[in-house]
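Chemist: Mind having a look at this structure? Questions to follow.
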Amino acid sequence: MGLRYAWSSWRVLLLVFVAEFAFHGFTYGEKASNYNFIQEATSAPIVSFYDYIIIGGGTAGCLLAATLSRNATVLVLEREGSPYVNKTKIRIENTLSTLTDTSPDSFSEAFISEDGVVNIRPRVLGGGTVINAGFYSRAETFFLKQNGLDEALAKDSYEWVERKLVSKPVVLQWQSAVKDGLLEVGVLPYNGFTYDHIIGTKIGGSIFDENGNRHTAADLLEYADPNSIKVYLHAVVQKITFTTKVGLRPKAQGVIFYDAQGVRHMALLKNGSMSEIVSSAGAIGSPQLLLLSGIGPALQLEALGIKVVLNQAIVGQGMADNPLNGLIIPSPVPVELSLVTSVGITKFGYDIEFASGFDFSALSIAQSPANFNQILHALIILLIES
Ligand SMILES: Cc1cc2nc3c(=O)[nH]c(=O)nc-3n(C[C@H](O)[C@H](O)[C@H](O)COP(=O)(O)OP(=O)(O)OC[C@H]3O[C@@H](n4cnc5c(N)ncnc54)[C@H](O)[C@@H]3O)c2cc1C
């Protein structure tokens with residue numbers, strides 16, 4: 001029994017899954033959107049027991065839950081709703097409006113970091129895969145080696161994800177032109193279509209299919225055993241509870257969560273050796289939850305009146321965002337709608353990605369940076385740290 005803290009870096013996210021679980025080559029074949037195991041938290045019992053409790057039904061949380069439910073009972077607690085309630089919001093043409101919609105029921109939550117950087121984090125089943133750019137890569141081979149991960153198992157696991165979520169994008173004019181441009185300026189070699197993250201220019205995978213529909217991590221719940229899993233929506237986890245004994249490390253015992261009507265519920269771990277609580281609430285949500293639960297720098301917790309369960313200096317420290325520079329060029333003529341497809345992976349530690357066709361004028365002035373609401377047809381170039 002214990003507590004596990006899922007990594008949040010998107011480059012390595014899949015490897016959390018790879019490291020922990022074996023490939024299961026089966027499917028229940030039904031659509032997750034139809035499953036009755038996904039319910040509102042208001043229907044949850046006041047106290048319940050599971051082998052695994054997963055906090056945050058995001059990118060990592062859905063993967064883990066689907067796999068773990070094969071051999072154990074699993075509870076997923078997601079603080080907001082389902083992406084299936086409004087499928088038009090997750091179509092490719094609505095990417096920008098969905099990302100910038102921060103109204104109370106939206107899939108995106110805006111925040112500003114202490115150093116003033118405007119940012120967004122997901123709040124929806126499927127997490128970041130519901131609002132992100134949909135670009136899919138496998139981790140670098142050196143990462144697998146560095147972390148002692150089994151390459152064959154990693155490959156099987158990637159394929160498990162790819163079968164449900166990933167498509168080969170159609171390359172039209174703009175993406176074809178930028179691919180040629182990358183090669184011309186020396187982002188070499190040309191690696192063709194590949195999921196591998198390797199130096200050079202490539203056509204990458206996308207979680208948007210050829211019809212412009214986004215596939216999210218919530219779709220992976222189709223792999224779950226419907227008899228062993230429960231997913232509660234609008235279930236905000238407030239803290240993890242621990243049992244403490246003098247001289248022993250604290251043991252995770254359960255979680256306290258609140259439903260949409262403010263009713264308090266407890267989910268507890270069954271007394272098995274496999275039982276674990278997995279905190280997969282995102283790069284900000286997970287450390288926040290640990291701190292609220294008394295795991296973190298003792299001085300900081302005491303100053304906030306939080307009882308210290310474990311003095312752990314690094315929790316909530318050293319956070320950094322991927323630096324990104326964007327160039328948005330208004331096009332006088334309509335251009336194809338595209339998201340990250342042709343990509344330049346440079347040896348200097350940054351990637352060059354492209355999008356096109358987004359209509360900034362459709363955004364409200366409040367959502368749109370100064371003057372952007374005059375851009376009808378945008379060509380977008382992004383420089384992102386690898
Ligand atoms: C704008 C944008 C574009 C991106 N583009 C790409 C891309 O093209 N390709 C790529 O690979 N990555 C991309 N990423 C990054 C990627 O989406 C994230 O790294 C990834 O989704 C993180 O997964 P996660 O499981 O750690 O967290 P998340 O997917 O964020 O999941 C965390 C979940 O926990 C829930 N939660 C939080 N707190 C609580 C609580 N207290 N109780 C219950 N639930 C809670 C949240 O609602 C959320 O659903 C992008 C990210 C952004 C923001």
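FYI, nothing fancy with the structure tokens labels: chains A, B, ... in order, residues from 1 per chain, ligands from 1 as they appear.
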Set the distance at 12 Å and use only C-alpha atoms: which residues neighbour Thr102 (chain A) once local chain neighbours fewer than 5 positions away are removed? I'd like the list as an MDAnalysis selection string.
Modeler: chainID A and resid 96:97 107:111 119:123 131 363:364 366:367
Chemist: Using DSSP on the backbone coordinates, identify the residues of region 40-215 of chain A assigned to strand (DSSP E or B); present them as a PyMOL selection string.
Modeler: chain A and resi 40+47-50+52-55+74-77+91+108-112+118-122+135-136+167+190-193+200-203+205-206+208+213-214
Chemist: For the selection just defined, write its residues with N, CA, C and O atoms to a file, as a short mmCIF file (atom, residue, chain, number, x, y, z; two decimals), in the first residue's frame.
Modeler:
```
data_model
loop_
_atom_site.label_atom_id
_atom_site.label_comp_id
_atom_site.auth_asym_id
_atom_site.auth_seq_id
_atom_site.Cartn_x
_atom_site.Cartn_y
_atom_site.Cartn_z
N GLU A 40 -21.53 10.87 -12.20
CA GLU A 40 -21.34 12.06 -11.39
C GLU A 40 -20.99 11.65 -9.95
O GLU A 40 -21.57 10.68 -9.42
N VAL A 47 -18.71 6.47 1.84
CA VAL A 47 -17.42 5.76 2.04
C VAL A 47 -17.37 4.58 1.06
O VAL A 47 -18.35 3.86 0.91
N SER A 48 -16.22 4.42 0.40
CA SER A 48 -16.07 3.27 -0.52
C SER A 48 -14.63 2.75 -0.46
O SER A 48 -13.74 3.43 0.05
N PHE A 49 -14.43 1.55 -1.00
CA PHE A 49 -13.12 0.88 -0.89
C PHE A 49 -12.66 0.38 -2.27
O PHE A 49 -13.44 -0.22 -3.01
N TYR A 50 -11.41 0.61 -2.58
CA TYR A 50 -10.84 0.19 -3.88
C TYR A 50 -9.40 -0.29 -3.68
O TYR A 50 -8.73 0.09 -2.72
N TYR A 52 -7.07 0.48 -6.07
CA TYR A 52 -6.31 1.65 -6.52
C TYR A 52 -7.22 2.87 -6.56
O TYR A 52 -8.37 2.77 -7.04
N ILE A 53 -6.72 3.98 -6.08
CA ILE A 53 -7.45 5.24 -6.18
C ILE A 53 -6.59 6.18 -7.01
O ILE A 53 -5.42 6.45 -6.66
N ILE A 54 -7.13 6.63 -8.13
CA ILE A 54 -6.36 7.49 -9.04
C ILE A 54 -6.93 8.90 -8.96
O ILE A 54 -8.11 9.12 -9.27
N ILE A 55 -6.08 9.84 -8.57
CA ILE A 55 -6.54 11.23 -8.41
C ILE A 55 -6.23 11.97 -9.70
O ILE A 55 -5.07 12.15 -10.07
N VAL A 74 -10.61 -0.27 -9.35
CA VAL A 74 -9.97 1.04 -9.56
C VAL A 74 -11.01 2.16 -9.47
O VAL A 74 -12.09 2.06 -10.07
N LEU A 75 -10.66 3.21 -8.74
CA LEU A 75 -11.50 4.41 -8.68
C LEU A 75 -10.72 5.57 -9.30
O LEU A 75 -9.56 5.80 -8.94
N VAL A 76 -11.36 6.29 -10.22
CA VAL A 76 -10.75 7.51 -10.79
C VAL A 76 -11.59 8.70 -10.33
O VAL A 76 -12.81 8.68 -10.47
N LEU A 77 -10.92 9.70 -9.80
CA LEU A 77 -11.62 10.91 -9.35
C LEU A 77 -11.17 12.09 -10.20
O LEU A 77 -9.99 12.48 -10.17
N ARG A 91 -13.43 19.23 -31.76
CA ARG A 91 -13.06 19.12 -33.17
C ARG A 91 -11.90 20.07 -33.48
O ARG A 91 -11.72 21.08 -32.80
N SER A 108 -10.74 24.32 -19.96
CA SER A 108 -9.46 24.98 -19.67
C SER A 108 -9.58 25.89 -18.45
O SER A 108 -10.58 26.59 -18.32
N GLU A 109 -8.57 25.87 -17.63
CA GLU A 109 -8.54 26.76 -16.47
C GLU A 109 -7.32 27.68 -16.62
O GLU A 109 -6.19 27.20 -16.69
N ALA A 110 -7.59 28.99 -16.69
CA ALA A 110 -6.48 29.94 -16.85
C ALA A 110 -5.85 30.21 -15.49
O ALA A 110 -6.52 30.20 -14.47
N PHE A 111 -4.55 30.43 -15.51
CA PHE A 111 -3.87 30.86 -14.28
C PHE A 111 -2.64 31.66 -14.67
O PHE A 111 -2.18 31.60 -15.82
N ILE A 112 -2.13 32.42 -13.70
CA ILE A 112 -0.90 33.20 -13.94
C ILE A 112 0.11 32.77 -12.89
O ILE A 112 -0.19 32.77 -11.70
N VAL A 118 1.26 33.92 -18.17
CA VAL A 118 -0.13 33.52 -18.37
C VAL A 118 -0.13 32.07 -18.88
O VAL A 118 0.64 31.73 -19.77
N ASN A 119 -0.98 31.23 -18.32
CA ASN A 119 -0.94 29.82 -18.70
C ASN A 119 -2.34 29.20 -18.56
O ASN A 119 -3.26 29.84 -18.07
N ILE A 120 -2.44 27.97 -19.00
CA ILE A 120 -3.72 27.25 -18.98
C ILE A 120 -3.46 25.83 -18.52
O ILE A 120 -2.47 25.22 -18.91
N ARG A 121 -4.37 25.28 -17.71
CA ARG A 121 -4.27 23.85 -17.41
C ARG A 121 -5.64 23.21 -17.61
O ARG A 121 -6.68 23.86 -17.43
N PRO A 122 -5.65 21.92 -17.97
CA PRO A 122 -6.92 21.27 -18.28
C PRO A 122 -7.73 20.95 -17.04
O PRO A 122 -7.17 20.73 -15.96
N PHE A 135 -0.12 16.74 -30.90
CA PHE A 135 1.08 16.16 -31.52
C PHE A 135 1.55 14.97 -30.68
O PHE A 135 1.71 15.09 -29.47
N TYR A 136 1.75 13.83 -31.34
CA TYR A 136 2.10 12.60 -30.61
C TYR A 136 3.50 12.13 -30.98
O TYR A 136 3.84 12.02 -32.16
N SER A 167 -3.34 9.07 -35.33
CA SER A 167 -3.51 8.94 -36.78
C SER A 167 -2.32 9.56 -37.51
O SER A 167 -1.62 10.43 -36.97
N TYR A 190 15.67 14.12 -43.57
CA TYR A 190 14.22 13.99 -43.64
C TYR A 190 13.87 12.57 -43.20
O TYR A 190 14.30 11.59 -43.79
N ASN A 191 13.11 12.46 -42.14
CA ASN A 191 12.79 11.14 -41.57
C ASN A 191 11.43 10.60 -41.99
O ASN A 191 11.00 9.55 -41.47
N GLY A 192 10.74 11.33 -42.88
CA GLY A 192 9.43 10.86 -43.35
C GLY A 192 8.41 10.86 -42.22
O GLY A 192 8.54 11.58 -41.23
N PHE A 193 7.37 9.99 -42.34
CA PHE A 193 6.36 9.89 -41.28
C PHE A 193 6.86 8.95 -40.20
O PHE A 193 7.19 7.79 -40.48
N GLY A 200 15.98 16.00 -36.99
CA GLY A 200 15.67 16.11 -38.42
C GLY A 200 14.25 16.60 -38.62
O GLY A 200 13.57 17.00 -37.67
N THR A 201 13.81 16.52 -39.87
CA THR A 201 12.45 16.95 -40.20
C THR A 201 11.58 15.71 -40.37
O THR A 201 12.02 14.71 -40.95
N LYS A 202 10.37 15.79 -39.85
CA LYS A 202 9.49 14.61 -39.98
C LYS A 202 8.03 15.04 -40.09
O LYS A 202 7.68 16.18 -39.80
N ILE A 203 7.21 14.09 -40.47
CA ILE A 203 5.76 14.21 -40.33
C ILE A 203 5.41 13.38 -39.10
O ILE A 203 5.75 12.19 -39.04
N GLY A 205 2.83 12.02 -35.72
CA GLY A 205 1.48 11.51 -35.48
C GLY A 205 0.60 12.57 -34.83
O GLY A 205 1.10 13.52 -34.22
N SER A 206 -0.72 12.39 -34.95
CA SER A 206 -1.65 13.34 -34.36
C SER A 206 -2.81 12.60 -33.69
O SER A 206 -3.23 11.54 -34.16
N PHE A 208 -5.67 13.89 -33.69
CA PHE A 208 -6.84 14.21 -34.52
C PHE A 208 -6.88 13.21 -35.67
O PHE A 208 -5.86 12.95 -36.31
N ASN A 213 -11.65 14.88 -35.85
CA ASN A 213 -12.10 14.59 -34.49
C ASN A 213 -10.91 14.27 -33.60
O ASN A 213 -10.05 13.46 -33.97
N ARG A 214 -10.91 14.89 -32.42
CA ARG A 214 -9.82 14.66 -31.47
C ARG A 214 -10.09 13.38 -30.68
O ARG A 214 -11.21 13.11 -30.26
#
```
Chemist: Sorted by chain and rising residue number, list the residues of chain A at most 7 Å from ligand 1 (counting only C-alpha atoms and all ligand atoms), each with its closest atom pair and distance in Å to one decimal, as JSON lines.
Modeler:
```
{"residue": "A:Ala6", "atom": "CA", "partner": "ligand 1", "partner_atom_place_in_ligand_line": "26 (O)", "distance": 6.9}
{"residue": "A:Trp7", "atom": "CA", "partner": "ligand 1", "partner_atom_place_in_ligand_line": "26 (O)", "distance": 6.1}
{"residue": "A:Ser8", "atom": "CA", "partner": "ligand 1", "partner_atom_place_in_ligand_line": "26 (O)", "distance": 3.6}
{"residue": "A:Ser9", "atom": "CA", "partner": "ligand 1", "partner_atom_place_in_ligand_line": "19 (O)", "distance": 5.2}
{"residue": "A:Trp10", "atom": "CA", "partner": "ligand 1", "partner_atom_place_in_ligand_line": "19 (O)", "distance": 3.6}
{"residue": "A:Arg11", "atom": "CA", "partner": "ligand 1", "partner_atom_place_in_ligand_line": "11 (O)", "distance": 6.3}
{"residue": "A:Leu13", "atom": "CA", "partner": "ligand 1", "partner_atom_place_in_ligand_line": "23 (O)", "distance": 6.7}
{"residue": "A:Ile55", "atom": "CA", "partner": "ligand 1", "partner_atom_place_in_ligand_line": "43 (C)", "distance": 5.4}
{"residue": "A:Gly56", "atom": "CA", "partner": "ligand 1", "partner_atom_place_in_ligand_line": "34 (O)", "distance": 3.3}
{"residue": "A:Gly57", "atom": "CA", "partner": "ligand 1", "partner_atom_place_in_ligand_line": "49 (O)", "distance": 5.0}
{"residue": "A:Gly58", "atom": "CA", "partner": "ligand 1", "partner_atom_place_in_ligand_line": "31 (O)", "distance": 3.2}
{"residue": "A:Thr59", "atom": "CA", "partner": "ligand 1", "partner_atom_place_in_ligand_line": "25 (O)", "distance": 3.7}
{"residue": "A:Ala60", "atom": "CA", "partner": "ligand 1", "partner_atom_place_in_ligand_line": "25 (O)", "distance": 3.7}
{"residue": "A:Gly61", "atom": "CA", "partner": "ligand 1", "partner_atom_place_in_ligand_line": "25 (O)", "distance": 5.7}
{"residue": "A:Leu77", "atom": "CA", "partner": "ligand 1", "partner_atom_place_in_ligand_line": "43 (C)", "distance": 5.2}
{"residue": "A:Glu78", "atom": "CA", "partner": "ligand 1", "partner_atom_place_in_ligand_line": "44 (N)", "distance": 3.9}
{"residue": "A:Arg79", "atom": "CA", "partner": "ligand 1", "partner_atom_place_in_ligand_line": "43 (C)", "distance": 3.8}
{"residue": "A:Glu80", "atom": "CA", "partner": "ligand 1", "partner_atom_place_in_ligand_line": "47 (O)", "distance": 5.7}
{"residue": "A:Leu99", "atom": "CA", "partner": "ligand 1", "partner_atom_place_in_ligand_line": "1 (C)", "distance": 6.8}
{"residue": "A:Ile120", "atom": "CA", "partner": "ligand 1", "partner_atom_place_in_ligand_line": "53 (C)", "distance": 5.7}
{"residue": "A:Arg121", "atom": "CA", "partner": "ligand 1", "partner_atom_place_in_ligand_line": "53 (C)", "distance": 5.5}
{"residue": "A:Pro122", "atom": "CA", "partner": "ligand 1", "partner_atom_place_in_ligand_line": "30 (O)", "distance": 5.2}
{"residue": "A:Arg123", "atom": "CA", "partner": "ligand 1", "partner_atom_place_in_ligand_line": "47 (O)", "distance": 3.3}
{"residue": "A:Val124", "atom": "CA", "partner": "ligand 1", "partner_atom_place_in_ligand_line": "49 (O)", "distance": 4.5}
{"residue": "A:Leu125", "atom": "CA", "partner": "ligand 1", "partner_atom_place_in_ligand_line": "49 (O)", "distance": 5.1}
{"residue": "A:Gly126", "atom": "CA", "partner": "ligand 1", "partner_atom_place_in_ligand_line": "49 (O)", "distance": 5.9}
{"residue": "A:Gly127", "atom": "CA", "partner": "ligand 1", "partner_atom_place_in_ligand_line": "29 (O)", "distance": 3.4}
{"residue": "A:Gly128", "atom": "CA", "partner": "ligand 1", "partner_atom_place_in_ligand_line": "21 (O)", "distance": 3.3}
{"residue": "A:Thr129", "atom": "CA", "partner": "ligand 1", "partner_atom_place_in_ligand_line": "17 (O)", "distance": 5.1}
{"residue": "A:Ile131", "atom": "CA", "partner": "ligand 1", "partner_atom_place_in_ligand_line": "1 (C)", "distance": 6.3}
{"residue": "A:Asn132", "atom": "CA", "partner": "ligand 1", "partner_atom_place_in_ligand_line": "3 (C)", "distance": 3.6}
{"residue": "A:Ala133", "atom": "CA", "partner": "ligand 1", "partner_atom_place_in_ligand_line": "8 (O)", "distance": 3.6}
{"residue": "A:Gly134", "atom": "CA", "partner": "ligand 1", "partner_atom_place_in_ligand_line": "8 (O)", "distance": 4.2}
{"residue": "A:Phe135", "atom": "CA", "partner": "ligand 1", "partner_atom_place_in_ligand_line": "8 (O)", "distance": 3.7}
{"residue": "A:Tyr136", "atom": "CA", "partner": "ligand 1", "partner_atom_place_in_ligand_line": "11 (O)", "distance": 5.3}
{"residue": "A:Ser137", "atom": "CA", "partner": "ligand 1", "partner_atom_place_in_ligand_line": "11 (O)", "distance": 6.6}
{"residue": "A:Ala235", "atom": "CA", "partner": "ligand 1", "partner_atom_place_in_ligand_line": "43 (C)", "distance": 5.8}
{"residue": "A:Val236", "atom": "CA", "partner": "ligand 1", "partner_atom_place_in_ligand_line": "42 (N)", "distance": 3.9}
{"residue": "A:Val237", "atom": "CA", "partner": "ligand 1", "partner_atom_place_in_ligand_line": "42 (N)", "distance": 3.8}
{"residue": "A:Gln238", "atom": "CA", "partner": "ligand 1", "partner_atom_place_in_ligand_line": "41 (N)", "distance": 5.7}
{"residue": "A:Ser280", "atom": "CA", "partner": "ligand 1", "partner_atom_place_in_ligand_line": "25 (O)", "distance": 5.5}
{"residue": "A:Ala281", "atom": "CA", "partner": "ligand 1", "partner_atom_place_in_ligand_line": "34 (O)", "distance": 3.3}
{"residue": "A:Gly282", "atom": "CA", "partner": "ligand 1", "partner_atom_place_in_ligand_line": "27 (O)", "distance": 3.5}
{"residue": "A:Ala283", "atom": "CA", "partner": "ligand 1", "partner_atom_place_in_ligand_line": "26 (O)", "distance": 5.7}
{"residue": "A:Gly285", "atom": "CA", "partner": "ligand 1", "partner_atom_place_in_ligand_line": "38 (N)", "distance": 4.4}
{"residue": "A:Ser286", "atom": "CA", "partner": "ligand 1", "partner_atom_place_in_ligand_line": "38 (N)", "distance": 6.8}
{"residue": "A:Leu289", "atom": "CA", "partner": "ligand 1", "partner_atom_place_in_ligand_line": "41 (N)", "distance": 6.4}
```
Chemist: If you measure from CA of Ser228 (chain A) to CA of Ala72 (chain A), what distance in Å do you get, rounded to one decimal?
Modeler: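 About the pair CA of Ser228 (chain A) and CA of Ala72 (chain A): they are 6.6 Å apart.
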Chemist: Name the residues in contact with Pro250 (chain A) at a cut-off of 9 Å, using only C-alpha atoms, excluding same-chain residues fewer than 2 positions from it; report them as number ranges by chain.
Modeler: A: 2, 242-245, 248, 252, 309-310
Chemist: Could you save those same residues with N, CA and C atoms as a PDB file, in the first residue's frame?
Modeler:
```
ATOM      1  N   GLY A   2       0.548   2.259  -0.701  1.00  0.00           N
ATOM      2  CA  GLY A   2       1.406   3.439  -0.678  1.00  0.00           C
ATOM      3  C   GLY A   2       0.904   4.513  -1.601  1.00  0.00           C
ATOM      4  N   PHE A 242      -3.383   9.699   5.671  1.00  0.00           N
ATOM      5  CA  PHE A 242      -2.302   8.753   5.968  1.00  0.00           C
ATOM      6  C   PHE A 242      -2.477   8.158   7.359  1.00  0.00           C
ATOM      7  N   THR A 243      -1.978   6.929   7.526  1.00  0.00           N
ATOM      8  CA  THR A 243      -1.839   6.413   8.891  1.00  0.00           C
ATOM      9  C   THR A 243      -0.385   6.615   9.279  1.00  0.00           C
ATOM     10  N   THR A 244      -0.179   7.024  10.518  1.00  0.00           N
ATOM     11  CA  THR A 244       1.203   7.266  10.961  1.00  0.00           C
ATOM     12  C   THR A 244       1.468   6.454  12.233  1.00  0.00           C
ATOM     13  N   LYS A 245       2.666   5.859  12.278  1.00  0.00           N
ATOM     14  CA  LYS A 245       3.093   5.152  13.493  1.00  0.00           C
ATOM     15  C   LYS A 245       4.513   5.594  13.787  1.00  0.00           C
ATOM     16  N   LEU A 248       7.856   4.620  11.833  1.00  0.00           N
ATOM     17  CA  LEU A 248       7.561   4.056  10.505  1.00  0.00           C
ATOM     18  C   LEU A 248       7.177   5.175   9.543  1.00  0.00           C
ATOM     19  N   ALA A 252      -0.264   5.756   2.927  1.00  0.00           N
ATOM     20  CA  ALA A 252      -1.483   6.342   2.364  1.00  0.00           C
ATOM     21  C   ALA A 252      -2.650   5.422   2.688  1.00  0.00           C
ATOM     22  N   VAL A 309       2.959  15.584   7.662  1.00  0.00           N
ATOM     23  CA  VAL A 309       2.951  14.113   7.680  1.00  0.00           C
ATOM     24  C   VAL A 309       4.357  13.614   7.330  1.00  0.00           C
ATOM     25  N   LEU A 310       4.972  14.260   6.347  1.00  0.00           N
ATOM     26  CA  LEU A 310       6.333  13.901   5.941  1.00  0.00           C
ATOM     27  C   LEU A 310       7.047  15.156   5.451  1.00  0.00           C
TER      28      LEU A 310
END
```
Chemist: For Leu382 (chain A), find every residue with an atom within 10 Å (counting only C-alpha atoms), except residues of its own chain fewer than 6 positions away, and show them as an MDAnalysis selection string.
Modeler: chainID A and resid 324:328 340 343 350:355
Chemist: Enumerate, as a list in words, the complete set of residues in region 177-228 of chain A that a backbone-based DSSP assignment places in helix (DSSP H, G or I).
Modeler: Ala177, Val178, Lys179, Asp180, Gly181, Leu182, Leu183, Glu184, Ala217, Ala218, Asp219, Leu220, Leu221, Glu222 and Tyr223 of chain A
Chemist: Hey, what's within 9 Å of Pro226 (chain A) if we count only C-alpha atoms and toss same-chain stuff fewer than 5 positions away? As an NGL selection string, please?
Modeler: :A and (28 or 35-37 or 69 or 221)
Chemist: Can you list, as a list in words, every protein, DNA or RNA residue that comes within 7 Å of Ile295 (chain A) when you count only C-alpha atoms, leaving out same-chain residues fewer than 3 positions away?
Modeler: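 Non-adjacent residues within range: Leu290, Leu291, Val308, Val309, Leu310, Asn311 and Gln312 of chain A.
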Chemist: Find the residues around Ile375 (chain A) up to 6 Å (only C-alpha atoms counted), leave out those fewer than 5 positions away in its own chain, and share them as an mmCIF file with all heavy atoms, in the first residue's frame.
Modeler:
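So result-v9.cif came out as:
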```
data_model
loop_
_atom_site.group_PDB
_atom_site.id
_atom_site.type_symbol
_atom_site.label_atom_id
_atom_site.label_comp_id
_atom_site.auth_asym_id
_atom_site.auth_seq_id
_atom_site.Cartn_x
_atom_site.Cartn_y
_atom_site.Cartn_z
ATOM 1 N N PRO A 330 -0.661 36.840 -40.440
ATOM 2 C CA PRO A 330 -1.969 36.861 -41.100
ATOM 3 C C PRO A 330 -1.805 36.503 -42.568
ATOM 4 O O PRO A 330 -0.861 36.957 -43.227
ATOM 5 C CB PRO A 330 -2.417 38.327 -40.963
ATOM 6 C CG PRO A 330 -1.449 38.979 -40.055
ATOM 7 C CD PRO A 330 -0.198 38.175 -40.058
ATOM 8 N N PHE A 360 -8.751 33.863 -35.682
ATOM 9 C CA PHE A 360 -8.676 34.551 -34.393
ATOM 10 C C PHE A 360 -9.841 35.521 -34.213
ATOM 11 O O PHE A 360 -10.143 35.920 -33.104
ATOM 12 C CB PHE A 360 -7.348 35.306 -34.268
ATOM 13 C CG PHE A 360 -6.182 34.400 -33.961
ATOM 14 C CD1 PHE A 360 -5.565 33.656 -34.948
ATOM 15 C CD2 PHE A 360 -5.699 34.292 -32.663
ATOM 16 C CE1 PHE A 360 -4.505 32.822 -34.664
ATOM 17 C CE2 PHE A 360 -4.642 33.456 -32.360
ATOM 18 C CZ PHE A 360 -4.034 32.722 -33.371
ATOM 19 N N SER A 361 -10.471 35.899 -35.330
ATOM 20 C CA SER A 361 -11.571 36.866 -35.209
ATOM 21 C C SER A 361 -12.780 36.239 -34.518
ATOM 22 O O SER A 361 -13.650 36.930 -34.009
ATOM 23 C CB SER A 361 -11.988 37.387 -36.585
ATOM 24 O OG SER A 361 -12.677 36.369 -37.276
#
```
Chemist: Grab the CA of Gly81 (chain A) to CA of Thr216 (chain A) distance for me, in Å with one decimal place.
Modeler: 13.6 Å
Chemist: Given the choices A:Ala260, A:Ala313, A:Leu153, A:Val335, which gets closest to Leu233 (chain A) if the distance is worked out from only C-alpha atoms?
Modeler: A:Ala260
Chemist: Report the distance between CA of Ile92 (chain A) and CA of Gly212 (chain A) in Å, rounded to one decimal place.
Modeler: 5.1 Å
